[in-house]
Structures are given as structure tokens and as C-alpha cells.
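Structure first, then comments.
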Amino acid sequence: MNIAHANPNTVNHPVVSSDRWVAERKKLLARERELTHLRDQIARERRALPWERIDKQYVFDAPEGRRTLAELFEGRSQLLVQHFMFGPGWEQGCPSCSYMADHTDGMNVHLAHRDITFVAISRAPLAEIARFRQRMGWQFKWVSSFGSDFNHDFHVSFTAEEKAKGEVEYNYAVQSFESEELPGISVFYKDDARQVFHTYSTYRRGVEVMMGAYNMMDLTPKGRDERDVPYKMEWVRHHDRYEPAPAAGSCCAAHA
């Protein structure tokens, strides 16, 4: 069980009058508006990035059979890919990637109405993906890149040679090898001539765009309430592997 721990933001926190609270809230609101406008500006700059044409013929194993990258768009012009960490022979997918994926099914209908198809892609064979997908109860499209260069070309899967060398290219830099699979999100566009273009990829904390639960946590007094350790998401479990959440007041009762 993930036991709650003392958080400095909730210990002896200042308590003020209503007028003072509103004044402080308005000061923060000005900063939040700055962030909103900056986020809008960065989104415009992201859309203005040049594209690269995808000339390699990537083929994936899908429940309906073999599918090319162009066919994964399913009639839409935009494709959003979660590079899901799930390698061949793994018992289950990465817990953090699963945490990301838990947000997907609710978004999918809205994405489709903005001309966006979502798909998760992993190197695990399709049968292994299907077994884990059924266990987790997900409905989103998930295909296998097993035997393809796709994951390696987009710098989210790494070879035995790279592991032996101890260095890989990830997040637009050379870094030490840390895992045979790493997370990412990539975006593609398909024009009327069925040409496919790579428009954007993000890695590391960039993938937090899929983690809506984090945005909710960031609104609360304790925030994400994660331990100060190198891997902050150590607390995350597959959603069917958490112990029951403590009932209200149970922590206090346990120490009575």
C-alpha cells in the first residue's frame, strides 16, 4: 500500500481572512494566465515545425491483419501514437505507460471528432498485447511493431548492440542506456496523396500530456505527493494491482 506521508504544504499552512485569500488568489491567477498564453504560443510554434516525409514502409500486426502506417489513420488525416513500453516476452506492459493509457478511452471519441486517430504501438507480439489489453479492459487500438524498425527509428526501443555500447539516442540527445524500451508520443499527418509525414515527437516529461490525473493532482494541497527519488512514478501501479484506497479517516483511526 502507498502510505500517505507528511507533506510540507499541509503542515502549519497559513490561514487568512477571505479578503486576503481572494487577493492572493488573484495574484496567482495572473501567473496562471501567463502560463496559459505561453502554452498557446508554444502550441502555435509546435504546429509551425517543419515536417519530415516517411518513406520507409512500416507494417504492423493489428487485430484485423497486417496494416501499413498509412492504414493506421483509419480515414483520418492525423495520427497520434503512444509508444507504449511493452517488449517481446514481457509479462505485462510498463506501469507508467499503463497509467498514461488509462486516460485514453475517454478521450478517443473527442479526438476522432477533431480528425485524429489514436493508436498505441509496442514491440510485443500481438497475442501478448491482446492478452494484457483484455486484462486491463481497454478499448483503444493497439498494434504490434514486432519485427519492424519503427520503434528503433523513433528512438523508443534499443538494440543489444546499443545496450552493450552503453549509449543510446533518446529525447534528442545521447544518453546512457537505461532500458530496452522507453516512452514517447509521436504525431503524423497524411495528405490527400496518401503521403505520410512525421510532424512531432516528445519524450521524457513531455508524455505527461497524456496524464490527466496529474493535472488534477496539481490542483490539490499535496500536489503529486511523490517521494523525492529519481523515479518519481514509483508509486504507480497497474489499475488492477492497487490495494483498496484507505477509507476517509482511516489514517487517523490507525494512529488513534
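Numbering starts fresh at 1 for the residues of each chain in the C-alpha cells, the chains themselves are lettered A, B, ... in the order given, and ligands are numbered from 1 as they appear.
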Practice item. Find the spatial neighbours of A:His83, counting only C-alpha atoms, within a cut-off of 12 Å - ignore same-chain residues fewer than 5 positions away - and output them as an NGL selection string. Key: :A and (93-94 or 96-98 or 100-101 or 118-124 or 142-145 or 150-157 or 181-187 or 201-204 or 207 or 210)
Practice item. Please run DSSP on the backbone and report, as an NGL selection string, all residues within stretch 4-162 of chain A that come out as strand (DSSP E). Key: :A and (52-53 or 59-62 or 65-68 or 78-83 or 116-122 or 142-144)
Point to revise | In stretch 2-122 of chain A, DSSP alpha helix (DSSP H) residues written as a VMD selection string | key: chain A and resid 18 to 47 95 to 101 104 to 112
Check your understanding: So which residues touch A:Gly137 within 10 Å, counting only C-alpha atoms, skipping near sequence neighbours fewer than 5 positions away, as a ChimeraX atom specification?
Key -> /A:102,105,132,240
Exercise for review: Go ahead and compute the interatomic distance for atom CA of A:Ser77 and atom CA of A:Ala213, in Å to one decimal.
Suggested key: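 Going from atom CA of A:Ser77 over to atom CA of A:Ala213 covers 28.3 Å.
Minimum atom-to-atom distance to A:Val174, evaluated using only C-alpha atoms, belongs to A:Glu162 out of A:Glu162, A:Pro95, A:Thr10, A:Glu34.
Using only C-alpha atoms, the shortest contact distance between A:Asp55 and any of A:Arg133, A:Arg194, A:Arg237, A:Lys232 is found at A:Arg194.
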Check your understanding: If you count only C-alpha atoms, which residues fall within 10 Å of A:Glu74, apart from same-chain ones fewer than 5 positions away, as a PyMOL selection string?
Key -> chain A and resi 69+79+116-118
Point to revise | Near-A:His239 list (8 Å; only C-alpha atoms; drop same-chain fewer than 2 positions) as a list in words | key: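 That gives Tyr99, Met136, Arg237, Arg241 and Tyr242 of chain A.
From atom CA of A:Val81 back to atom CA of A:Lys190, the distance works out to 13.7 Å.
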Review point. Given the choices A:Gln92, A:Asn7, A:Gln195, A:Thr36, which gets closest to A:Asp228 if the distance is worked out from only C-alpha atoms?
Key: A:Asn7
Exercise for review: Work out how far atom CA of A:Thr220 is from atom CA of A:Asn12, in Å to one decimal.
Suggested key: 16.2 Å
